[in-house]
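So this block is work.txt, compact mmCIF, C-alpha atoms (C1' of nucleotides):
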```
# COMPACT_ATOMS: atom_id res chain seq x y z
CA MET F 13 -67.24 -48.82 11.07
CA ALA F 14 -69.67 -48.93 13.96
CA ALA F 15 -69.65 -45.37 15.21
CA THR F 16 -71.06 -45.81 18.67
CA LEU F 17 -71.49 -43.15 21.32
CA ASP F 18 -68.51 -44.72 23.06
CA THR F 19 -66.16 -44.31 20.12
CA VAL F 20 -67.41 -40.85 19.23
CA PHE F 21 -67.17 -39.40 22.72
CA SER F 22 -63.81 -40.97 23.46
CA ALA F 23 -62.49 -39.71 20.12
CA LEU F 24 -63.62 -36.23 21.12
CA ALA F 25 -61.98 -36.52 24.54
CA ASP F 26 -58.50 -35.79 23.18
CA PRO F 27 -57.46 -32.17 22.51
CA THR F 28 -55.22 -33.10 19.61
CA ARG F 29 -58.08 -34.85 17.88
CA ARG F 30 -60.46 -31.97 18.50
CA ALA F 31 -57.87 -29.61 17.05
CA ILE F 32 -57.58 -31.84 13.98
CA LEU F 33 -61.35 -31.74 13.52
CA ALA F 34 -61.29 -27.97 13.79
CA MET F 35 -58.59 -27.79 11.13
CA LEU F 36 -60.59 -30.02 8.83
CA LEU F 37 -63.52 -27.68 9.25
CA GLU F 38 -61.56 -25.26 7.10
CA ASP F 39 -60.68 -27.65 4.35
CA ASP F 40 -59.75 -31.21 3.46
CA MET F 41 -56.10 -31.93 4.23
CA ALA F 42 -53.38 -34.47 3.58
CA VAL F 43 -52.03 -36.42 6.55
CA THR F 44 -48.66 -34.68 6.46
CA ASP F 45 -50.30 -31.26 6.46
CA VAL F 46 -52.55 -32.24 9.35
CA ALA F 47 -49.47 -33.25 11.31
CA GLU F 48 -47.46 -30.13 10.55
CA PRO F 49 -48.64 -27.80 13.36
CA PHE F 50 -48.30 -30.46 16.07
CA GLU F 51 -45.16 -31.19 18.02
CA MET F 52 -45.41 -34.92 17.74
CA SER F 53 -44.43 -37.58 15.29
CA LEU F 54 -46.29 -38.20 12.07
CA ALA F 55 -47.00 -41.74 13.24
CA ALA F 56 -48.79 -40.38 16.30
CA ILE F 57 -50.99 -38.19 14.13
CA SER F 58 -51.64 -41.13 11.86
CA LYS F 59 -52.94 -43.03 14.88
CA HIS F 60 -55.17 -40.13 15.89
CA LEU F 61 -56.56 -40.08 12.37
CA THR F 62 -57.46 -43.76 12.52
CA VAL F 63 -59.23 -43.16 15.83
CA LEU F 64 -61.22 -40.36 14.21
CA THR F 65 -61.94 -42.59 11.22
CA ASN F 66 -63.17 -45.44 13.39
CA ALA F 67 -65.47 -43.00 15.14
CA GLY F 68 -66.78 -41.97 11.73
CA LEU F 69 -65.81 -38.38 12.39
CA ILE F 70 -63.56 -38.20 9.33
CA SER F 71 -63.07 -40.20 6.17
CA GLN F 72 -59.79 -40.81 4.41
CA GLU F 73 -59.40 -41.22 0.68
CA ARG F 74 -56.12 -42.15 -0.93
CA ARG F 75 -55.32 -40.24 -4.12
CA GLY F 76 -51.90 -41.14 -5.43
CA ARG F 77 -49.32 -40.93 -2.70
CA VAL F 78 -51.46 -38.63 -0.65
CA LYS F 79 -54.28 -39.61 1.69
CA TRP F 80 -56.85 -36.89 2.05
CA CYS F 81 -58.77 -36.39 5.26
CA LYS F 82 -62.30 -35.11 5.16
CA LEU F 83 -64.55 -34.07 8.01
CA GLU F 84 -67.73 -36.15 8.41
CA PRO F 85 -69.83 -34.00 10.72
CA ASP F 86 -72.86 -36.28 10.48
CA ALA F 87 -71.13 -38.60 12.91
CA LEU F 88 -71.71 -35.97 15.59
CA ARG F 89 -75.43 -36.05 15.16
CA GLU F 90 -76.17 -39.13 17.25
CA ALA F 91 -74.03 -37.84 20.09
CA SER F 92 -75.59 -34.42 19.80
CA VAL F 93 -79.09 -35.85 19.97
CA TRP F 94 -78.13 -37.88 23.02
CA MET F 95 -76.86 -34.76 24.75
CA GLN F 96 -80.00 -32.85 23.89
CA GLY F 97 -81.92 -35.23 26.11
CA PHE F 98 -80.35 -33.51 29.08
CA GLY F 99 -82.15 -30.32 29.59
CA MET F 100 -79.52 -27.80 28.72
CA MET F 101 -81.06 -27.40 25.30
CA GLU F 102 -84.51 -26.98 26.77
CA GLY F 103 -86.85 -26.16 23.95
CA LEU F 104 -84.09 -26.28 21.41
CA ASP F 105 -85.58 -28.98 19.25
CA LEU F 106 -84.09 -29.59 15.87
CA ASP F 107 -86.93 -27.86 14.10
CA ALA F 108 -86.24 -24.68 16.01
CA PHE F 109 -82.61 -25.04 15.15
CA GLU F 110 -83.39 -25.38 11.45
CA ARG F 111 -85.48 -22.24 11.64
CA PHE F 112 -82.59 -20.52 13.34
CA LEU F 113 -80.29 -21.58 10.54
CA ASP F 114 -82.69 -20.28 7.93
CA ALA F 115 -83.17 -17.01 9.73
CA GLU F 116 -79.46 -16.52 10.24
CA LEU F 117 -78.70 -17.21 6.63
CA ALA F 118 -81.44 -14.91 5.43
CA ASP F 119 -80.55 -12.06 7.78
CA PRO F 120 -77.30 -12.43 9.73
CA SER F 121 -78.03 -9.26 11.69
CA LEU F 122 -80.98 -10.97 13.32
CA LEU F 123 -78.98 -12.10 16.30
CA GLU F 124 -76.66 -9.15 16.60
CA GLU F 125 -75.66 -8.11 20.08
CA LYS F 126 -78.57 -6.10 21.42
CA GLU F 127 -77.33 -3.53 23.89
CA MET X 24 -63.61 -28.29 39.47
CA ALA X 25 -62.21 -27.39 36.09
CA ALA X 26 -64.74 -28.96 33.76
CA THR X 27 -62.83 -28.95 30.52
CA LEU X 28 -63.92 -30.42 27.23
CA ASP X 29 -61.44 -33.21 27.91
CA THR X 30 -63.00 -34.25 31.19
CA VAL X 31 -66.57 -33.87 29.95
CA PHE X 32 -66.13 -35.86 26.76
CA SER X 33 -64.10 -38.59 28.41
CA ALA X 34 -66.69 -38.85 31.18
CA LEU X 35 -69.36 -39.30 28.51
CA ALA X 36 -67.31 -41.94 26.71
CA ASP X 37 -68.29 -44.67 29.17
CA PRO X 38 -71.68 -46.40 28.82
CA THR X 39 -72.07 -46.96 32.55
CA ARG X 40 -71.60 -43.26 33.19
CA ARG X 41 -74.05 -42.30 30.46
CA ALA X 42 -76.56 -44.71 31.97
CA ILE X 43 -76.06 -43.10 35.36
CA LEU X 44 -76.71 -39.67 33.89
CA ALA X 45 -79.88 -40.97 32.26
CA MET X 46 -81.04 -42.35 35.60
CA LEU X 47 -80.38 -39.03 37.31
CA LEU X 48 -82.50 -37.36 34.68
CA GLU X 49 -85.48 -38.95 36.40
CA ASP X 50 -84.60 -37.93 39.91
CA ASP X 51 -81.82 -37.33 42.41
CA MET X 52 -80.49 -40.58 43.83
CA ALA X 53 -78.35 -41.96 46.62
CA VAL X 54 -75.11 -43.69 45.67
CA THR X 55 -76.37 -47.14 46.67
CA ASP X 56 -79.50 -46.72 44.59
CA VAL X 57 -77.48 -45.56 41.61
CA ALA X 58 -75.38 -48.71 41.92
CA GLU X 59 -78.28 -51.11 42.33
CA PRO X 60 -79.10 -51.87 38.66
CA PHE X 61 -75.47 -52.41 37.68
CA GLU X 62 -73.62 -55.69 37.92
CA MET X 63 -70.51 -54.24 39.44
CA SER X 64 -69.26 -53.34 42.87
CA LEU X 65 -70.36 -50.29 44.76
CA ALA X 66 -66.77 -49.09 44.76
CA ALA X 67 -66.71 -49.11 40.97
CA ILE X 68 -69.87 -47.00 40.83
CA SER X 69 -68.40 -44.68 43.43
CA LYS X 70 -65.43 -44.13 41.13
CA HIS X 71 -67.69 -43.44 38.17
CA LEU X 72 -69.53 -40.90 40.27
CA THR X 73 -66.33 -39.05 41.11
CA VAL X 74 -65.44 -38.97 37.42
CA LEU X 75 -68.84 -37.45 36.68
CA THR X 76 -68.39 -35.01 39.55
CA ASN X 77 -64.98 -33.92 38.32
CA ALA X 78 -66.49 -33.31 34.91
CA GLY X 79 -69.13 -31.16 36.57
CA LEU X 80 -71.86 -33.37 35.15
CA ILE X 81 -73.27 -34.19 38.57
CA SER X 82 -72.99 -32.78 42.08
CA GLN X 83 -73.01 -34.76 45.31
CA GLU X 84 -74.36 -33.57 48.60
CA ARG X 85 -74.03 -35.54 51.81
CA ARG X 86 -77.10 -35.60 54.01
CA GLY X 87 -76.66 -37.84 57.00
CA ARG X 88 -75.32 -41.21 55.96
CA VAL X 89 -76.59 -40.78 52.46
CA LYS X 90 -74.86 -38.93 49.64
CA TRP X 91 -77.28 -37.60 47.08
CA CYS X 92 -76.35 -37.31 43.42
CA LYS X 93 -77.87 -34.58 41.31
CA LEU X 94 -77.60 -34.06 37.58
CA GLU X 95 -75.89 -30.84 36.49
CA PRO X 96 -76.86 -30.57 32.85
CA ASP X 97 -75.25 -27.14 32.45
CA ALA X 98 -71.90 -28.89 32.24
CA LEU X 99 -72.97 -30.24 28.86
CA ARG X 100 -73.42 -26.80 27.43
CA GLU X 101 -69.82 -26.04 26.57
CA ALA X 102 -69.36 -29.43 24.94
CA SER X 103 -72.62 -29.08 23.11
CA VAL X 104 -71.70 -25.66 21.75
CA TRP X 105 -68.36 -27.04 20.62
CA MET X 106 -70.08 -29.87 18.77
CA GLN X 107 -72.64 -27.63 17.16
CA GLY X 108 -69.75 -25.83 15.52
CA PHE X 109 -69.49 -28.80 13.19
CA GLY X 110 -71.78 -29.66 10.38
CA MET X 111 -74.98 -27.96 11.30
CA MET X 112 -73.21 -24.63 11.46
CA GLU X 113 -71.95 -24.66 7.91
CA GLY X 114 -71.03 -21.09 7.13
CA LEU X 115 -72.21 -19.67 10.43
CA ASP X 116 -70.13 -18.03 13.09
CA LEU X 117 -70.12 -19.48 16.58
CA ASP X 118 -70.68 -16.19 18.32
CA ALA X 119 -74.04 -15.87 16.70
CA PHE X 120 -74.89 -19.37 17.78
CA GLU X 121 -73.99 -18.67 21.38
CA ARG X 122 -76.09 -15.55 21.35
CA PHE X 123 -78.84 -17.69 19.93
CA LEU X 124 -78.47 -20.16 22.78
CA ASP X 125 -78.61 -17.42 25.36
CA ALA X 126 -81.62 -15.84 23.76
CA GLU X 127 -83.32 -19.19 23.44
CA LEU X 128 -82.76 -20.02 27.07
CA ALA X 129 -83.91 -16.61 28.21
CA ASP X 130 -87.02 -16.60 26.07
CA PRO X 131 -87.96 -19.95 24.55
CA SER X 132 -90.84 -18.42 22.67
CA LEU X 133 -88.36 -16.49 20.55
CA LEU X 134 -88.25 -19.14 17.89
CA GLU X 135 -91.85 -20.18 17.94
CA GLU X 136 -93.28 -21.36 14.67
CA LYS X 137 -94.20 -18.21 12.80
CA GLU X 138 -96.85 -19.18 10.33
C1' DC V 21 -73.03 -49.37 73.52
C1' DG V 22 -73.10 -52.36 69.49
C1' DG V 23 -74.57 -53.59 65.08
C1' DA V 24 -76.18 -52.46 60.50
C1' DT V 25 -75.98 -49.22 56.57
C1' DT V 26 -73.58 -46.02 53.47
C1' DG V 27 -69.79 -44.82 51.12
C1' DT V 28 -64.74 -44.17 50.28
C1' DC V 29 -59.86 -45.58 50.38
C1' DA V 30 -55.84 -48.37 49.10
C1' DA V 31 -53.68 -51.82 46.78
C1' DC V 32 -53.74 -54.53 43.07
C1' DC V 33 -54.55 -56.29 38.17
C1' DG V 34 -55.09 -56.73 33.11
C1' DG V 35 -56.13 -54.04 29.13
C1' DT V 36 -56.02 -49.76 26.67
C1' DT V 37 -54.01 -45.25 25.31
C1' DG V 38 -50.86 -41.99 23.54
C1' DG V 39 -46.56 -41.45 22.54
C1' DT V 40 -41.77 -42.92 20.69
C1' DT V 41 -38.49 -45.01 17.20
C1' DG V 42 -37.03 -47.58 13.10
C1' DA V 43 -38.26 -50.34 9.33
C1' DA V 44 -41.44 -51.19 5.59
C1' DT V 45 -44.56 -50.01 1.73
C1' DA V 46 -46.40 -47.40 -1.92
C1' DT V 47 -46.29 -43.86 -5.17
C1' DG V 48 -44.48 -39.99 -8.06
C1' DC V 49 -40.64 -38.01 -10.57
C1' DG V 50 -36.22 -37.11 -13.08
C1' DC O 29 -34.20 -47.48 -12.59
C1' DG O 30 -33.33 -45.00 -8.36
C1' DC O 31 -34.39 -41.57 -5.16
C1' DA O 32 -37.51 -38.59 -2.55
C1' DT O 33 -42.15 -38.21 -0.55
C1' DA O 34 -46.15 -39.91 2.02
C1' DT O 35 -47.96 -42.93 5.17
C1' DT O 36 -48.34 -46.95 7.88
C1' DC O 37 -46.58 -50.92 10.59
C1' DA O 38 -44.41 -53.12 14.58
C1' DA O 39 -42.38 -53.15 18.75
C1' DC O 40 -41.92 -50.97 22.79
C1' DC O 41 -42.92 -47.95 26.93
C1' DA O 42 -45.06 -45.31 30.75
C1' DA O 43 -49.39 -43.80 32.19
C1' DC O 44 -54.14 -44.27 32.69
C1' DC O 45 -58.69 -46.87 33.11
C1' DG O 46 -62.14 -49.77 34.82
C1' DG O 47 -62.72 -53.23 37.57
C1' DT O 48 -61.85 -56.17 41.93
C1' DT O 49 -61.29 -57.00 47.05
C1' DG O 50 -60.77 -55.91 51.90
C1' DA O 51 -60.26 -52.56 55.32
C1' DC O 52 -61.87 -48.30 57.08
C1' DA O 53 -64.86 -44.26 58.52
C1' DA O 54 -69.04 -42.24 59.50
C1' DT O 55 -73.78 -42.24 60.64
C1' DC O 56 -78.17 -44.05 62.21
C1' DC O 57 -80.89 -47.00 65.24
C1' DG O 58 -82.44 -50.42 68.82
```
In structure tokens, what does this structure look like?
Amino acid sequence: MAATLDTVFSALADPTRRAILAMLLEDDMAVTDVAEPFEMSLAAISKHLTVLTNAGLISQERRGRVKWCKLEPDALREASVWMQGFGMMEGLDLDAFERFLDAELADPSLLEEKE
Amino acid sequence: MAATLDTVFSALADPTRRAILAMLLEDDMAVTDVAEPFEMSLAAISKHLTVLTNAGLISQERRGRVKWCKLEPDALREASVWMQGFGMMEGLDLDAFERFLDAELADPSLLEEKE
DNA sequence: CGGATTGTCAACCGGTTGGTTGAATATGCG
DNA sequence: CGCATATTCAACCAACCGGTTGACAATCCG
């Protein structure tokens, strides 16, 4: 699917879909389990999941009766890069971010609150 | 204006609006000048500008007849932080990332190459 | 004043979105 | 086989979106 900035951003514009993404951050889930916490029909959730799939933000793999949903965070990269063009991440180039990741992983106390 | 993730992301979901933001990256502009390169009515652009204003992504200040549009890149921060929670933050807590952002913005030299 | 420029408002229109319901389609299990 | 489970499909609906046009308001200028 062509995951354009349009499809990605508009997929992210719905709170239900963002909540679904957050849930999938924890673990892969079946459609029914994704739907469980929401007060809307399963069919509605199914639609949200196809929107997310078309945006490339998740992938769905059928295994037996169950269709598993998996987060595909790479789809956020293009959008993230686009946003970085706008100043608010002044100086926060990806290299710096990688170094931050390394540092954090090596020594999580590095960025502790310093008061 | 309450600039929620909803309003920000849905504002960004339209290519015309993203193009407008990119133009404003260069310089502040009057409404008519913003509209000039687009093949649509001034009224349509005016609507897009109110959407961007409601999302907090731009501000508009009237000076005489002319209304100047100014980019407000800070509005992207919340959305950006939300997005960074996915994928690149594997195994990291968001609080640390936000502290990182603050520190980075306060002192960009913090993460200079250390070789 | 009177005319040109700048921008918004209001009404309208077709297409999309986010939800519903009920039927349909697989698949697994006893 | 026959039933329960898992998920989608199809039709429908109200609401919203992105665009149009024409009228309107405000400001500058000769």
| said: Show me, as a PyMOL selection string, the residues of chain O whose atoms get within 12 Å of chain F, using all atoms listed in the file for the distance check. | reply: chain O and resi 33-38
Please provide the set of residues having any atom within 12 Å of range 39-45 of chain O, restricted to all atoms listed in the file, with same-chain residues fewer than 2 positions apart removed, written as a PDB file with C-alpha atoms (C1' of nucleotides), in the frame of the given file.
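Result saved to part18.pdb:
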```
ATOM      1  CA  SER X  33     -64.100 -38.590  28.410  1.00  0.00           C
ATOM      2  CA  ALA X  34     -66.690 -38.850  31.180  1.00  0.00           C
ATOM      3  CA  ALA X  36     -67.310 -41.940  26.710  1.00  0.00           C
ATOM      4  CA  ASP X  37     -68.290 -44.670  29.170  1.00  0.00           C
ATOM      5  CA  ALA X  67     -66.710 -49.110  40.970  1.00  0.00           C
ATOM      6  CA  LYS X  70     -65.430 -44.130  41.130  1.00  0.00           C
ATOM      7  CA  HIS X  71     -67.690 -43.440  38.170  1.00  0.00           C
ATOM      8  CA  VAL X  74     -65.440 -38.970  37.420  1.00  0.00           C
TER       9      VAL X  74
ATOM     10  C1'  DC V  33     -54.550 -56.290  38.170  1.00  0.00           C
ATOM     11  C1'  DG V  34     -55.090 -56.730  33.110  1.00  0.00           C
ATOM     12  C1'  DG V  35     -56.130 -54.040  29.130  1.00  0.00           C
ATOM     13  C1'  DT V  36     -56.020 -49.760  26.670  1.00  0.00           C
ATOM     14  C1'  DT V  37     -54.010 -45.250  25.310  1.00  0.00           C
ATOM     15  C1'  DG V  38     -50.860 -41.990  23.540  1.00  0.00           C
ATOM     16  C1'  DG V  39     -46.560 -41.450  22.540  1.00  0.00           C
ATOM     17  C1'  DT V  40     -41.770 -42.920  20.690  1.00  0.00           C
ATOM     18  C1'  DT V  41     -38.490 -45.010  17.200  1.00  0.00           C
ATOM     19  C1'  DG V  42     -37.030 -47.580  13.100  1.00  0.00           C
ATOM     20  C1'  DA V  43     -38.260 -50.340   9.330  1.00  0.00           C
TER      21       DA V  43
ATOM     22  C1'  DC O  37     -46.580 -50.920  10.590  1.00  0.00           C
ATOM     23  C1'  DG O  47     -62.720 -53.230  37.570  1.00  0.00           C
TER      24       DG O  47
END
```
Could you write out as a compact mmCIF listing (two decimals) with C-alpha atoms (C1' of nucleotides), in the coordinates of the input the residues of chain V within 8 Å of chain X, counting all atoms listed in the file?
```txt
# COMPACT_ATOMS: atom_id res chain seq x y z
C1' DT V 26 -73.58 -46.02 53.47
C1' DG V 27 -69.79 -44.82 51.12
C1' DT V 28 -64.74 -44.17 50.28
```
| said: Please list as a PyMOL selection string every residue within 12 Å of Val20 in chain F, counting only C-alpha atoms (C1' of nucleotides) and excluding residues in the same chain fewer than 3 positions away. | reply: (chain F and resi 13-17+23-26+29-30+63-70+84-92+94) or (chain X and resi 32-33+35-38+106)
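For the pair C1' of DC56 in chain O and C1' of DT25 in chain V, the separation is 8.0 Å.
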| said: Measuring between all atoms listed in the file, which one of F:Ile32, F:Leu37, F:Met52, F:Ala47 shows the shortest distance to chain X? | reply: F:Leu37
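Between C1' of DC29 in chain V and C1' of DG46 in chain O the separation is 16.3 Å.
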| request: Grab the CA of Thr28 in chain F to CA of Cys81 in chain F distance for me, in Å with one decimal place. | output: 15.1 Å
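Residue nearest chain X within the list F:Ile57, F:Gly97, F:Glu51, F:Asp45: F:Gly97 [criterion: smallest interatomic distance, all atoms listed in the file].
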| said: Taking 5 positions as the minimum chain separation for residues in the same chain, which residues sit within 12 Å of DC32 in chain V when counting only C-alpha atoms (C1' of nucleotides)? Answer as a list of chain:residue names. | reply: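 Listed by chain and then number, they are O:DG47, O:DT48, O:DT49, O:DG50.
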When you look at Asp51 in chain X with a cut-off of 7 Å (counting only C-alpha atoms (C1' of nucleotides)), what residues show up, excluding the ones that are within fewer than 2 positions of it in the same chain? I need them as a PDB file with C-alpha atoms, in the frame of the given file.
```pdb
ATOM      1  CA  LEU X  47     -80.380 -39.030  37.310  1.00  0.00           C
ATOM      2  CA  TRP X  91     -77.280 -37.600  47.080  1.00  0.00           C
ATOM      3  CA  CYS X  92     -76.350 -37.310  43.420  1.00  0.00           C
ATOM      4  CA  LYS X  93     -77.870 -34.580  41.310  1.00  0.00           C
TER       5      LYS X  93
END
```
